[in-house]
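Peer 1: Pasting in a structure now, in structure tokens, and then I'll have a few things to ask.
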Amino acid sequence: AAVLNLLVAGGALLLARRTASGRPADIGAPAAASAQAEPPMSAQARWALALYAIAGGLALGYEVVWSQAIVQFTSTRSFAFAIVLATYLAGLVLGSALIARRVDGLRDPWSVFAWLISAAGALALLELTLLGPWLLSAQSAADQAVRSLTGNTLAGLSARFAMAGLSLVFVPTLLLGAAFPVVLRLAVDTRRVGSGVGAVLALNTLGGIAGTVLTGFVLVPALGLVYSLAVLAVAACALGLTAVFAGQGVGAFSRIGVAALAVLVFGSAWMAPSDRLAQLLTRARGGTIDFYEESHGATVAVIEQRNASNSFHRLYIQGVSNSGDAMTSMRYMRLQALLPLIVHSGEPRSALVIGMGTGITAGALLAYPGLQDRVVAELLPAVVRAVPRFDGNYRLWSDPRMQVRLRDGRRELMQSEQRYDLITLEPPPPSAAGVVNLYSTDFYRLAAQRLQTGGMVAQWLPLPTQNDEDTRSLVQSFLAVFPHATLWTTELHEMMLVGSMQPIVLDTARIAERFAQPPVQAALAEVGVASPAALLATWVGGRTMLERYAGNAPEVTDDRPRIEYAGWVRRSEFPQQLTTLLDGRTVPPLVGGNAALMEDITRERQILYRFYSAGLNAYLGQREEWARDIQEVARHDPDNPYYRWFIGTNAR
């Protein structure tokens with residue numbers, strides 16, 4: 001970007017020289033011009049500047065609301081944000097271009113300015129209130145059309161994002177863009193073009209700064225997205241009314257028309273349903289809303305859903321599913337905390353969970369009696385307030401043993417010198433914008449500095465959210481920091497990397513003793529891990545196995561956050577990824593184990609992998625193979641709650 005900027009500067013210098021050499025008579029012009037006093041700005045121009053500054057605040061206020069409202073129709077990935085921002089800017093450009101050649105011929109520019117600003121606010125509110133399932137259908141049609149033409153998944157999804165942007169963002173920004181040439185006509189004297197245009201842009205930008213801060217930090221937390229947009233739309237109409245009554249030469253028709261539009265917008269704002277976006281979310285995802293909050297950090301929702309035989313809650317942040325309290329989620333989250341504590345080579349006394357989510361991982365710390373310090377870092381207060389809606393978290397929100405710190409997890413490590421025996425985290429998938437900084441080599445170095453001797457970092461590794469080459473890069477980043485790294489399978493779709501700066505010793509006597517603690521045993525039995533053998537059966541491999549899998553994949557670093565910009569996930573990748581990782585499994589390097597324990601581990605692993613085989617067959621649509629495998633699982637372990645959650649109450 002800097003080099004391109006320099007090229008632009010070089011081009012400007014070349015043009016300046018050509019202009020100067022082509023007009024030698026103008027050499028003395030600056031001195032002559034400076035002798036003349038610059039004409040003062042008229043009262044009408046000052047009015048135009050002030051109103052356009054406010055319009056800048058409204059425009060950026062719209063963008064703040066749109067960026068949260070539209071995400072449930074797009075994604076949290078950088079691609080989606082880029083497409084929506086491009087749509088926003090395209091509207092401004094096209095609006096300015098359409099009116100620029102006609103602006104000098106306008107007989108009543110004040111009326112045009114008033115209509116453009118008022119109509120932009122009215123349409124912004126109208127489009128939000130009219131959103132519905134029709135947009136999802138239009139997005140699917142655009143996606144399929146582009147994929148059929150290009151054969152490219154990312155192109156199809158970009159068309160899906162663009163359809164959302166066109167439906168919600170484009171038309172109001174088209175009108176806002178058209179207002180810019182009109183303001184230049186009103187505020188800029190032809191004798192002071194440079195200073196006039198500079199003043200228009202400066203004040204509009206200043207207004208935009210104020211509008212962003214006011215909307216993001218005051219309006220949205222206090223009023224929610226719908227009413228915030230309603231306030232902005234009413235303010236736009238008030239600005240239009242000011243323009244038609246303060247401007248010179250405005251006809252009665254414009255004054256009456258803008259006033260009527262203002263009344264209509266005010267009435268619509270008063271009647272706008274505040275739960276409009278919540279309704280759309282439940283329609284798109286199914287189920288019933290149990291919690292919904294539009295905060296300055298994100299929109300957080302909890303939806304109660306059902307599958308064939310189970311009901312559960314799911315957490316949605318910015319319209320994207322993050323986790324839930326279904327058996328599948330509860331299993332991997334309990335293991336995310338308890339497994340590294342049980343296999344820890346020392347005596348763990350302190351643990352940090354980065355990301356509260358449903359509270360199940362953090363709550364599992366309460367089931368481990370030996371801990372003295374239990375800390376959870378959560379960025380969004382709304383997530384903390386949503387936690388009581390989920391089962392399986394041991395009511396951690398009311399337990400005095402749990403410290404909840406409202407702070408970004410990485411910043412918690414940067415700003416606190418506290419050291420931990422365990423740092424475990426399950427942030428959103430690394431493809432979500434900004435989250436990759438909790439999966440990078442730089443983050444792992446920071447986390448390693450906050451470990452006690454023998455301490456561990458446990459990183460959630462979601463397989464279906466990235467392609468195989470991305471997973472290899474994530475593993476490579478972990479290996480680059482932790483000389484002692486291990487891989488465990490915690491659920492069909494999830495794995496866990498556990499790393500330490502010191503050797504990880506799987507002492508069977510110590511593991512059995514810790515597992516036998518009643519709260520630990522009960523917590524794991526609830527998710528289908530009923531014995532130390534079942535726990536150790538989730539072992540996949542150590543550093544050698546991980547190095548073989550990662551190969552020569554590049555690391556993920558803060559400077560090169562590859563996964564955030566990786567290609568869209570190919571659905572066929574997950575079965576292959578899981579198969580490749582499980583095929584590379586090794587025997588857990590136990591210390592003090594006996595033949596009976598190894599037999600139990602082998603048996604538990606065979607049942608678990610047969611269950612995984614059933615899951616992959618279901619994923620691939622191979623019904624007969626699925627039925628064969630799942631019946632075999634039910635025959636060997638009929639009382640396992642994890643398997644029964646999939647099979648249902650009637651195994652047949």
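Every chain in the structure tokens has a letter given in the order shown (A, B, ...), and although residue numbers restart at 1 in each chain, ligands are simply numbered from 1 in the order shown.
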Find the residues around segment 563-574 of chain A up to 6 Å (only C-alpha atoms counted), leave out those fewer than 5 positions away in its own chain, and share them as a PyMOL selection string.

Peer 2: chain A and resi 154+431+464+466-467

Peer 1: Those same residues, written as a CSV table (one decimal), in the first residue's frame with all heavy atoms?

Peer 2:
chain,number,residue,atom,x,y,z
A,154,LEU,N,-16.2,-20.0,-3.7
A,154,LEU,CA,-16.0,-18.7,-3.1
A,154,LEU,C,-16.8,-17.6,-3.9
A,154,LEU,O,-17.4,-16.7,-3.3
A,154,LEU,CB,-14.6,-18.3,-3.0
A,154,LEU,CG,-14.3,-16.9,-2.4
A,154,LEU,CD1,-14.9,-16.8,-1.0
A,154,LEU,CD2,-12.7,-16.7,-2.3
A,431,SER,N,-11.3,-19.2,11.1
A,431,SER,CA,-11.7,-18.5,9.8
A,431,SER,C,-12.5,-17.3,10.1
A,431,SER,O,-12.6,-16.4,9.2
A,431,SER,CB,-12.5,-19.5,8.9
A,431,SER,OG,-13.6,-19.9,9.6
A,464,PRO,N,-14.1,-29.6,10.9
A,464,PRO,CA,-15.0,-29.3,9.8
A,464,PRO,C,-15.0,-27.8,9.4
A,464,PRO,O,-15.6,-27.4,8.4
A,464,PRO,CB,-16.4,-29.6,10.3
A,464,PRO,CG,-16.2,-30.4,11.5
A,464,PRO,CD,-14.9,-30.0,12.1
A,466,GLN,N,-12.3,-25.9,8.6
A,466,GLN,CA,-11.2,-25.6,7.6
A,466,GLN,C,-10.8,-26.8,6.8
A,466,GLN,O,-11.1,-27.9,7.1
A,466,GLN,CB,-10.0,-25.0,8.4
A,466,GLN,CG,-9.3,-26.0,9.3
A,466,GLN,CD,-9.8,-25.8,10.7
A,466,GLN,OE1,-10.3,-24.7,11.1
A,466,GLN,NE2,-9.7,-26.8,11.5
A,467,ASN,N,-10.1,-26.5,5.7
A,467,ASN,CA,-9.6,-27.5,4.8
A,467,ASN,C,-8.4,-28.2,5.4
A,467,ASN,O,-7.8,-27.7,6.4
A,467,ASN,CB,-9.4,-26.9,3.4
A,467,ASN,CG,-10.6,-26.4,2.8
A,467,ASN,OD1,-11.6,-27.1,2.7
A,467,ASN,ND2,-10.6,-25.2,2.3

Peer 1: Which neighbours of segment 449-453 of chain A fall inside 12 Å, counting only C-alpha atoms, when residues of the same chain fewer than 5 positions from it are skipped, and could you give them as a PyMOL selection string?

Peer 2: chain A and resi 344-352+410+412-424+442-444+458+481-482+499-504

Peer 1: Interatomic distance between atom CA of Gly359 of chain A and atom CA of Ala298 of chain A?

Peer 2: 17.8 Å

Peer 1: Where does segment 115-140 of chain A meet segment 238-245 of chain A within 10 Å, residue by residue, with the nearest atom pair and distance in Å to one decimal for each, counting only C-alpha atoms, listed by chain and rising number, as a tab-separated table?

Peer 2:
residue	atom	partner	partner_atom	distance
A:Trp115	CA	A:Gly240	CA	6.6
A:Leu116	CA	A:Gly240	CA	8.2
A:Ile117	CA	A:Gly240	CA	6.2
A:Ser118	CA	A:Gly240	CA	5.4
A:Ala119	CA	A:Gly240	CA	9.0
A:Gly121	CA	A:Gly240	CA	10.0

Peer 1: Env of segment 63-67 of chain A: 7 Å cut, atoms = only C-alpha atoms, seq-sep filter 4 positions within chain, self excluded. Answer as a PyMOL selection string.

Peer 2: chain A and resi 59+71+212+215-216+225+229

Peer 1: Between atom CA of Ala178 of chain A and atom CA of Ser78 of chain A, what is the spacing in Å?

Peer 2: 28.2 Å

Peer 1: Determine the nearest neighbour of Gly61 of chain A from the options A:Val529, A:Val231, A:Val103, A:Ala164, counting only C-alpha atoms.

Peer 2: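 Of A:Val529, A:Val231, A:Val103, A:Ala164, the one nearest Gly61 of chain A is A:Val231, counting only C-alpha atoms.
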